[in-house]
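J.: So that we are looking at the same thing, I have put the structure below in structure tokens.
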Amino acid sequence: MTLALIGVNYKTAPIELRERIAISREDLAETTRALAAEPGVVECMIVSTCNRVELLAAVDSPDADLAGFLHRHFGLDPALLATHIYERRDRDAVRHLFRVAASLDSMVVGEPQILGQVKEAFAVARASGTVAGQLEHLLQSAFAAAKRVRSETEIGSSSVSIASVAVDLARKIFGSLAGRTVFLVGAGKMSELAARHLVQQGAGAILVSNRTQERARRMAEEFQGRVIPQVVPFDQLYEAASGADIVISSTGAPHPIFRPEHGQAFLHRRRNRPMFFIDIAVPRDVDPAMNKLEGIFVYDIDDLQAVASAHMAERSREASDAETLIAGEVERFQQRQRTVNVAPAIIALQRQAEEIRQSELRRVQARLGSLSAEQVAAVEALTRGLVNKFLHPPMQALKQAARENDSARLDALCEAWSVSAAAGSEAEPEASSVAAGSASYRNEEAETERSEGATVSEASVETRQ
Amino acid sequence: MYLLWLRVAAILYAAASVAVFPAVLYGLVRWRKTCVHLGGMALFFHFVSAVEMLVQAHRWMPVGVREVESLLGLAVAGLFFLVWWIYDAISLGIFALPATFFLVFVPALGPDRYTFPSAGVRSSWLVAHIAALLLAYAALCFSLLASVLYLIQERRIKSKPKVGEDTWWAPFEWLPPLDTLERIAHATLEFGFPCMTVGLVIGSVLAQETPLGAAYFLDPKIIAAFVSWAVYVVLLLVRRSAGLRGRKAAYLSGAVFVVVVSVWAANLFSHVHRYGAQ
């Protein structure tokens with residue numbers, strides 16, 4: 001079985017094309033099922049976000065045409081998509097998925113939403129019955145890799161948007177934002193977004209002031225429910241500002257409306273409690289000289305942008321560590337896959353040994369005479385123990401050869417023990433012997449996990465599927 | 001036996017001092033837990049050692065510089081854990097834990113080699129005098145530390161980065177928010193003031209009972225102690241009335257601290273008030 005991934009993303013396709021093939025949440029399950037019905041597709045899932053649409057499938061035939069599905073399903077001209085589409089196979093597909101889940105392929109590297117979106121796409125596919133063993137294993141590994149990247153690097157620790165940088169700065173000044181008063185001067189979209197972030201972090205009151213009273217009222221209503229917003233007439237601007245901890249200003253005034261003399265008056269009235277001015281307006285609403293006053297902090301749009309850029313640079317540095325981590329995780333996944341692929345041979349080996357053990361027991365039964373239940377159990381345990389001990393070295397050798405992708409050694413081992421790599425998936429074996437074989441294999445796997453920290457216990461399940 | 005506990009405490013303080021750096025500078029949760037556990041155990045053994053030391057010696061007051069240092073270390077560590085518990089500000093541990101280790105290190109090497117002849121060493125009032133003043137010193141240390149960190153944090157937030165500059169931000173990322181630092185500085189000052197007042201009042205009453213009587217108060221060390229208290233009062237009043245904070249508050253805290261340290265150091269030169277003087 002082969003892993004195949006095709007898609008378009010913000011790097012390869014313009015928004016005009018992405019929006020034509022974007023799949024809404026409501027249509028995702030149906031589209032996933034339609035993809036699963038394509039010839040050659042055994043398992044599949046679709047990740048569709050504003051920045052990417054990707055089809056991931058386990059296919060059993062080279063004829064499976066995922067790109068064709070995109071053309072047909074969305075009624076697009078193949079020539080239109082051809083230059084924007086990318087395709088990955090097997091190891092490259094695994095690496096791509098791991099990078100996407102870890103937010104290394106995102107427009108804003110390190111943003112946390114993408115992992116949730118991949119998880120959601122996986123949940124939809126699982127609910128639609130289009131994923132089973134192989135993709136299940138792949139996605140669980142991708143989530144684990146993404147978690148490692150998030151916890152072992154600082155990739156998502158700093159803010160990179162203007163609004164979240166403003167919130168971070170406010171927290172550096174005030175600590176908790178609970179109960180703080182935010183004053184919106186001017187009713188711009190950007191200031192509304194910043195205020196929303198502050199309210200989410202617990203800001204207690206919102207004051208809104210605008211030259212047009214009606215617009216201020218409309219904006220205040222946006223915050224209704226979360227806090228109690230209050231509209232302040234523009235001529236009472238300075239009285240209201242002295243009561244605010246955070247002032248977000250975005251008026252269209254041609255000259256600064258907050259100057260150092262105002263700052264001094266605010267500090268006097270506030271008994272020197274600090275104030276944070278976020279000046280989003282161009283031309284600026286807050287005189288930069290205000291920042292020189294002790295207790296007043298002024299950040300204009302360029303300052304916020306500079307902090308965001310600095311954080312972005314930090315993320316880029318962290319991203320290189322994350323890439324190394326992902327490379328290791330991809331290698332680990334591949335090794336586990338190879339170990340899983342050798343499971344049929346191991347089970348065949350176990351079954352063969354079990355048959356020999358049982359036939360030998362039957363052969364000597366007459367000579368042993370009548371044994372008590374305890375004696376029978378002791379003989380069983382003895383023979384089973386001997387068989388397991390004899391089997392341990394060849395099983396380890398098989399797994400080692402599989403991990404190292406050494407097909408010549410694998411063939412030699414299978415030949416030496418008269419088993420075929422596909423033996424386990426051939427004729428339906430006796431239930432008891434498979435159960436014994438699988439259980440024993442699982443024990444072996446558990447032992448390997450303990451010694452190597454690998455998680456390959458799904459191997460026997462995979463084989464039976 | 002108390003020396004053994006003190007040495008255990010010193011080792012644990014050293015380990016906590018090491019653990020606090022990755023915990024604060026890199027925000028590593030596991031190191032943070034390790035630091036708190038090690039520091040907590042160190043504080044426990046330190047306390048056991050202090051009690052055992054005083055019980056063994058059949059006295060309730062520290063004698064000599066080493067014992068006083070050890071108890072000051074106990075006060076600093078205790079205050080650090082109190083601040084950590086109330087304000088969740090483990091970052092002060094970067095200073096408090098190594099400081100405590102150094103305060104404990106010399107006393108852990110061995111006891112002072114002289115005895116204190118006065119019967120007053122068994123007076124509970126003397127114990128209260130010393131304990132209250134040590135707590136006041138520790139509180140002042142924290143107040144000054146929080147004020148200095150406030151200045152750094154304020155400077156850091158005010159000096160904005162230019163596009164392309166990204167290194168200035170990182171080294172002090174661990175600093176607590178300005179508001180937290182201000183509250184720590186203020187709360188520790190307010191905590192230290194009653195301690196210092198009680199310590200001085202008890203000391204004055206005890207001084208009256210000495211053969212020197214009122215003459216005791218003419219000693220430069222004693223005069224300096226009252227001056228430091230007066231400066232402390234001024235600092236608190238100014239902070240309260242003018243809402244003083246930030247740079248000026250830090251400078252005033254620094255001035256009080258310098259005066260108090262000078263008063264403590266004056267023990268070495270005082271004729272009437274010396275550790276273990278014979």
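Note on naming: chains are A, B, ... as they come in the structure tokens, residues start from 1 per chain, ligands start from 1 in the order shown.
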Excluding segment 202-205 of chain B and any residue of its chain fewer than 4 positions from it, enumerate the residues within 8 Å of it, using only C-alpha atoms, and give them as a count of residues only.
T.: 6
J.: Within 7 Å of chain B, which residues of chain A are there when counting only C-alpha atoms? Please give them as a ChimeraX atom specification.
T.: /A:171-175,271-272,291,297,303,306-307,309-310
J.: Could you give me, as a PDB file with C-alpha atoms, in the first residue's frame, the residues within 12 Å of Arg315 of chain A, counting only C-alpha atoms and dropping anything in the same chain fewer than 3 positions from it?
T.:
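Output saved as around-v1.pdb:
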```pdb
ATOM      1  CA  SER A 103       2.656  24.178  11.929  1.00  0.00           C
ATOM      2  CA  LEU A 104       5.973  24.312  10.100  1.00  0.00           C
ATOM      3  CA  SER A 106       1.822  27.361   7.967  1.00  0.00           C
ATOM      4  CA  VAL A 108       2.436  32.032  10.325  1.00  0.00           C
ATOM      5  CA  VAL A 109       4.887  29.368  11.473  1.00  0.00           C
ATOM      6  CA  GLY A 110       3.977  28.027  14.898  1.00  0.00           C
ATOM      7  CA  GLU A 111       0.314  29.088  14.860  1.00  0.00           C
ATOM      8  CA  VAL A 149       7.473  20.233  18.541  1.00  0.00           C
ATOM      9  CA  ARG A 150       5.171  22.415  20.623  1.00  0.00           C
ATOM     10  CA  THR A 153      10.666  24.093  21.107  1.00  0.00           C
ATOM     11  CA  GLU A 154       9.547  27.673  21.672  1.00  0.00           C
ATOM     12  CA  ILE A 155       7.919  27.828  18.267  1.00  0.00           C
ATOM     13  CA  GLY A 156       4.524  28.918  19.521  1.00  0.00           C
ATOM     14  CA  SER A 157       5.506  30.814  22.630  1.00  0.00           C
ATOM     15  CA  SER A 158       5.581  34.396  21.362  1.00  0.00           C
ATOM     16  CA  SER A 159       2.899  36.500  19.716  1.00  0.00           C
ATOM     17  CA  VAL A 160       3.225  37.485  16.099  1.00  0.00           C
ATOM     18  CA  ALA A 308       5.894  41.062  16.094  1.00  0.00           C
ATOM     19  CA  SER A 309       8.805  40.868  13.616  1.00  0.00           C
ATOM     20  CA  ALA A 310      11.243  40.100  16.419  1.00  0.00           C
ATOM     21  CA  HIS A 311       8.988  37.293  17.584  1.00  0.00           C
ATOM     22  CA  MET A 312       8.694  36.051  14.031  1.00  0.00           C
ATOM     23  CA  GLU A 318      12.963  27.635  16.592  1.00  0.00           C
ATOM     24  CA  ALA A 319      11.603  26.252  13.337  1.00  0.00           C
ATOM     25  CA  SER A 320      15.005  24.867  12.370  1.00  0.00           C
ATOM     26  CA  ASP A 321      15.102  22.885  15.645  1.00  0.00           C
ATOM     27  CA  ALA A 322      11.570  21.745  14.947  1.00  0.00           C
ATOM     28  CA  GLU A 323      12.573  20.554  11.451  1.00  0.00           C
TER      29      GLU A 323
ATOM     30  CA  ASP B 166      15.397  40.872  18.235  1.00  0.00           C
TER      31      ASP B 166
END
```
J.: Near Ser161 of chain A, within 9 Å and counting only C-alpha atoms, which residues show up once chain neighbours fewer than 4 positions away are dropped, as a PyMOL selection string?
T.: chain A and resi 165-166+304-305+308
J.: Can you list, as a ChimeraX atom specification, all residues belonging to segment 5-165 of chain B that DSSP tags as alpha helix (DSSP H)?
T.: /B:5-25,29-56,64-87,93-109,124-158
J.: For the selection you just gave me, I'd like the residues written to a file as a compact mmCIF listing (two decimals), in the first residue's frame, keeping C-alpha atoms.
T.:
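Saved as out_9.txt:
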```txt
# COMPACT_ATOMS: atom_id res chain seq x y z
CA TRP B 5 20.71 19.51 59.21
CA LEU B 6 22.21 22.88 58.33
CA ARG B 7 24.61 21.24 55.89
CA VAL B 8 21.76 19.27 54.34
CA ALA B 9 19.86 22.56 54.02
CA ALA B 10 22.88 24.26 52.44
CA ILE B 11 23.22 21.47 49.85
CA LEU B 12 19.50 21.64 49.09
CA TYR B 13 19.64 25.44 48.77
CA ALA B 14 22.58 25.04 46.38
CA ALA B 15 20.61 22.52 44.30
CA ALA B 16 17.53 24.79 44.34
CA SER B 17 19.74 27.72 43.29
CA VAL B 18 20.85 25.72 40.27
CA ALA B 19 17.32 24.55 39.43
CA VAL B 20 15.85 28.03 39.63
CA PHE B 21 17.79 29.26 36.57
CA PRO B 22 16.32 26.91 33.95
CA ALA B 23 12.95 27.23 35.72
CA VAL B 24 12.94 31.02 35.38
CA LEU B 25 15.04 31.73 32.29
CA VAL B 29 7.85 23.50 34.44
CA ARG B 30 9.76 20.42 35.56
CA TRP B 31 12.66 22.53 36.82
CA ARG B 32 10.23 24.88 38.49
CA LYS B 33 8.72 22.00 40.45
CA THR B 34 12.19 20.67 41.26
CA CYS B 35 13.29 24.11 42.48
CA VAL B 36 10.23 24.55 44.70
CA HIS B 37 10.56 21.04 46.17
CA LEU B 38 14.29 21.39 46.82
CA GLY B 39 13.87 24.89 48.26
CA GLY B 40 10.95 23.74 50.42
CA MET B 41 12.97 20.83 51.81
CA ALA B 42 15.93 23.15 52.41
CA LEU B 43 13.70 25.55 54.33
CA PHE B 44 12.38 22.66 56.43
CA PHE B 45 15.85 21.34 57.32
CA HIS B 46 17.04 24.88 57.92
CA PHE B 47 14.20 25.45 60.37
CA VAL B 48 14.87 22.12 62.13
CA SER B 49 18.54 23.04 62.38
CA ALA B 50 17.79 26.49 63.83
CA VAL B 51 15.41 25.12 66.46
CA GLU B 52 17.78 22.29 67.41
CA MET B 53 20.71 24.69 67.62
CA LEU B 54 18.91 26.99 70.02
CA VAL B 55 17.42 24.15 72.09
CA GLN B 56 20.81 22.44 72.40
CA GLY B 64 27.60 35.41 66.86
CA VAL B 65 27.65 36.40 63.22
CA ARG B 66 27.30 32.87 61.88
CA GLU B 67 24.13 32.09 63.80
CA VAL B 68 22.62 35.44 62.88
CA GLU B 69 23.52 34.89 59.22
CA SER B 70 21.88 31.50 59.32
CA LEU B 71 18.69 32.94 60.81
CA LEU B 72 18.71 35.81 58.32
CA GLY B 73 18.98 33.19 55.58
CA LEU B 74 15.97 31.44 57.11
CA ALA B 75 14.02 34.72 57.05
CA VAL B 76 15.00 35.41 53.41
CA ALA B 77 14.04 31.89 52.30
CA GLY B 78 10.79 32.06 54.28
CA LEU B 79 9.89 35.39 52.73
CA PHE B 80 10.77 34.14 49.26
CA PHE B 81 8.36 31.24 49.64
CA LEU B 82 5.71 33.58 51.01
CA VAL B 83 6.14 35.90 47.99
CA TRP B 84 6.12 32.91 45.62
CA TRP B 85 2.94 31.59 47.22
CA ILE B 86 1.10 34.92 47.12
CA TYR B 87 2.33 36.40 43.82
CA GLY B 93 14.33 33.00 43.49
CA ILE B 94 17.17 33.76 41.07
CA PHE B 95 18.40 36.17 43.74
CA ALA B 96 16.81 34.88 46.94
CA LEU B 97 17.93 31.24 46.73
CA PRO B 98 21.63 31.87 45.97
CA ALA B 99 21.63 34.64 48.62
CA THR B 100 20.22 32.21 51.15
CA PHE B 101 22.81 29.62 50.18
CA PHE B 102 25.64 32.09 50.75
CA LEU B 103 24.12 33.15 54.07
CA VAL B 104 23.94 29.52 55.17
CA PHE B 105 27.24 28.33 53.70
CA VAL B 106 29.62 29.81 56.33
CA PRO B 107 27.44 28.89 59.34
CA ALA B 108 27.26 25.34 57.92
CA LEU B 109 31.05 25.06 58.12
CA SER B 124 12.38 35.66 75.16
CA TRP B 125 12.26 39.42 74.62
CA LEU B 126 15.73 39.39 73.19
CA VAL B 127 14.67 36.62 70.82
CA ALA B 128 11.69 38.71 69.69
CA HIS B 129 13.99 41.73 69.22
CA ILE B 130 16.37 39.81 66.98
CA ALA B 131 13.73 37.85 65.07
CA ALA B 132 11.71 40.99 64.32
CA LEU B 133 14.76 42.87 63.06
CA LEU B 134 15.96 39.96 60.93
CA LEU B 135 12.52 39.75 59.33
CA ALA B 136 12.62 43.51 58.70
CA TYR B 137 16.04 43.18 57.02
CA ALA B 138 14.81 40.32 54.86
CA ALA B 139 11.68 42.26 53.89
CA LEU B 140 13.80 45.27 52.96
CA CYS B 141 16.04 43.07 50.81
CA PHE B 142 13.00 41.84 48.92
CA SER B 143 11.56 45.31 48.56
CA LEU B 144 14.80 46.63 47.13
CA LEU B 145 15.14 43.64 44.82
CA ALA B 146 11.59 44.05 43.53
CA SER B 147 12.19 47.80 43.02
CA VAL B 148 15.37 47.20 41.03
CA LEU B 149 13.64 44.58 38.89
CA TYR B 150 10.81 47.09 38.38
CA LEU B 151 13.32 49.57 36.98
CA ILE B 152 14.76 46.98 34.60
CA GLN B 153 11.34 45.83 33.46
CA GLU B 154 10.16 49.43 32.98
CA ARG B 155 13.24 50.28 30.95
CA ARG B 156 12.80 47.16 28.91
CA ILE B 157 9.19 47.94 28.02
CA LYS B 158 9.94 51.58 27.28
```
J.: Near segment 125-139 of chain A, within 10 Å and counting only C-alpha atoms, which residues show up once chain neighbours fewer than 6 positions away are dropped, as a PyMOL selection string?
T.: chain A and resi 1-3+28-37+41-47+56-58+94+97-98+101+118-119+145+330+333-334+336-337+456+458-459+461-463+465
J.: Could those selected residues go to a file with C-alpha atoms, as a JSON list (two decimals), in the first residue's frame?
T.:
```json
[["chain", "number", "residue", "atom", "x", "y", "z"],
["A", 1, "MET", "CA", 0.00, 0.00, 0.00],
["A", 2, "THR", "CA", 1.23, 3.47, -0.86],
["A", 3, "LEU", "CA", 0.64, 6.76, 0.87],
["A", 28, "LEU", "CA", -16.31, 17.62, 4.34],
["A", 29, "ALA", "CA", -17.75, 14.23, 5.33],
["A", 30, "GLU", "CA", -19.53, 13.79, 2.01],
["A", 31, "THR", "CA", -16.48, 14.82, -0.03],
["A", 32, "THR", "CA", -14.29, 12.46, 2.02],
["A", 33, "ARG", "CA", -16.66, 9.58, 1.31],
["A", 34, "ALA", "CA", -16.66, 10.49, -2.39],
["A", 35, "LEU", "CA", -12.87, 10.35, -2.39],
["A", 36, "ALA", "CA", -12.95, 6.98, -0.60],
["A", 37, "ALA", "CA", -15.15, 5.65, -3.41],
["A", 41, "VAL", "CA", -8.29, 4.42, -2.64],
["A", 42, "VAL", "CA", -8.28, 2.25, 0.48],
["A", 43, "GLU", "CA", -8.25, 4.92, 3.17],
["A", 44, "CYS", "CA", -8.45, 8.71, 2.90],
["A", 45, "MET", "CA", -9.00, 12.03, 4.59],
["A", 46, "ILE", "CA", -9.17, 15.68, 3.49],
["A", 47, "VAL", "CA", -7.72, 18.70, 5.25],
["A", 56, "LEU", "CA", -4.31, 12.21, 1.90],
["A", 57, "ALA", "CA", -4.91, 8.61, 0.89],
["A", 58, "ALA", "CA", -3.58, 5.11, 1.29],
["A", 94, "VAL", "CA", 4.60, 11.44, 5.86],
["A", 97, "LEU", "CA", 1.84, 15.73, 6.99],
["A", 98, "PHE", "CA", 4.09, 15.92, 10.06],
["A", 101, "ALA", "CA", 0.47, 19.24, 11.82],
["A", 118, "VAL", "CA", -5.97, 18.41, 11.08],
["A", 119, "LYS", "CA", -7.46, 16.66, 14.11],
["A", 145, "ALA", "CA", 5.23, 14.74, 16.54],
["A", 330, "VAL", "CA", 9.55, 10.67, 10.29],
["A", 333, "PHE", "CA", 7.58, 6.30, 11.90],
["A", 334, "GLN", "CA", 9.20, 4.67, 8.87],
["A", 336, "ARG", "CA", 7.86, 1.30, 12.89],
["A", 337, "GLN", "CA", 6.10, 0.85, 9.57],
["A", 456, "VAL", "CA", 4.80, -0.89, 17.78],
["A", 458, "GLU", "CA", -0.36, -2.16, 16.91],
["A", 459, "ALA", "CA", 1.65, -4.43, 14.65],
["A", 461, "VAL", "CA", -3.62, -5.78, 14.82],
["A", 462, "GLU", "CA", -2.39, -4.22, 11.59],
["A", 463, "THR", "CA", -1.45, -7.62, 10.26],
["A", 465, "GLN", "CA", -6.52, -6.25, 9.23]]
```
J.: Could you check which of A:Ala289, A:Ala281, A:Val376, A:Ala244 is closest to Ala187 of chain A, using only C-alpha atoms?
T.: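 Closest candidate: A:Ala281.
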J.: To one decimal place, how far is atom CA of Glu152 of chain A from atom CA of Pro171 of chain B in Å?
T.: 19.3 Å
J.: Excluding segment 79-82 of chain A and its own-chain neighbours fewer than 6 positions away, which residues fall within 9 Å of it when counting only C-alpha atoms? Please give them as a list in words.
T.: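 Counting only the stated atoms, we get Val8, Ala13, Leu17, Ala67, Leu70 and His71 of chain A.
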J.: May I have the selected residues written with C-alpha atoms, as a PDB file, in the first residue's frame?
T.:
```pdb
ATOM      1  CA  VAL A   8      -2.724  23.179  -2.994  1.00  0.00           C
ATOM      2  CA  ALA A  13      -2.076  28.687  -5.344  1.00  0.00           C
ATOM      3  CA  LEU A  17      -8.141  29.152  -6.783  1.00  0.00           C
ATOM      4  CA  ALA A  67      -5.760  14.945  -8.894  1.00  0.00           C
ATOM      5  CA  LEU A  70     -10.131  17.248  -7.600  1.00  0.00           C
ATOM      6  CA  HIS A  71     -10.825  18.160 -11.241  1.00  0.00           C
TER       7      HIS A  71
END
```
J.: Taking the DSSP assignment computed from this structure's backbone, write out as a list in words all residues of segment 290-324 of chain A that belong to strand (DSSP E).
T.: Ile296, Phe297, Val298, Tyr299 and Asp300 of chain A
J.: Produce a file of the selected residues containing N, CA and C atoms, as a PDB file, in the first residue's frame.
T.:
```pdb
ATOM      1  N   ILE A 296       3.996  55.870  32.058  1.00  0.00           N
ATOM      2  CA  ILE A 296       3.190  55.829  30.832  1.00  0.00           C
ATOM      3  C   ILE A 296       3.986  55.098  29.748  1.00  0.00           C
ATOM      4  N   PHE A 297       3.328  54.159  29.126  1.00  0.00           N
ATOM      5  CA  PHE A 297       3.971  53.349  28.085  1.00  0.00           C
ATOM      6  C   PHE A 297       3.204  53.550  26.788  1.00  0.00           C
ATOM      7  N   VAL A 298       3.933  53.955  25.747  1.00  0.00           N
ATOM      8  CA  VAL A 298       3.275  54.227  24.459  1.00  0.00           C
ATOM      9  C   VAL A 298       3.868  53.314  23.384  1.00  0.00           C
ATOM     10  N   TYR A 299       3.003  52.602  22.698  1.00  0.00           N
ATOM     11  CA  TYR A 299       3.428  51.778  21.560  1.00  0.00           C
ATOM     12  C   TYR A 299       2.598  52.182  20.348  1.00  0.00           C
ATOM     13  N   ASP A 300       3.287  52.613  19.284  1.00  0.00           N
ATOM     14  CA  ASP A 300       2.538  52.906  18.064  1.00  0.00           C
ATOM     15  C   ASP A 300       2.574  51.687  17.140  1.00  0.00           C
TER      16      ASP A 300
END
```
J.: What is the distance, in Å and to one decimal place, between atom CA of Glu294 of chain A and atom CA of Arg259 of chain A?
T.: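 Separating atom CA of Glu294 of chain A from atom CA of Arg259 of chain A is a distance of 14.0 Å.
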J.: Just give me the gap between atom CA of Lys292 of chain A and atom CA of Arg196 of chain A in Å, one decimal is fine.
T.: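 Atom-to-atom, atom CA of Lys292 of chain A to atom CA of Arg196 of chain A, that is 28.0 Å.
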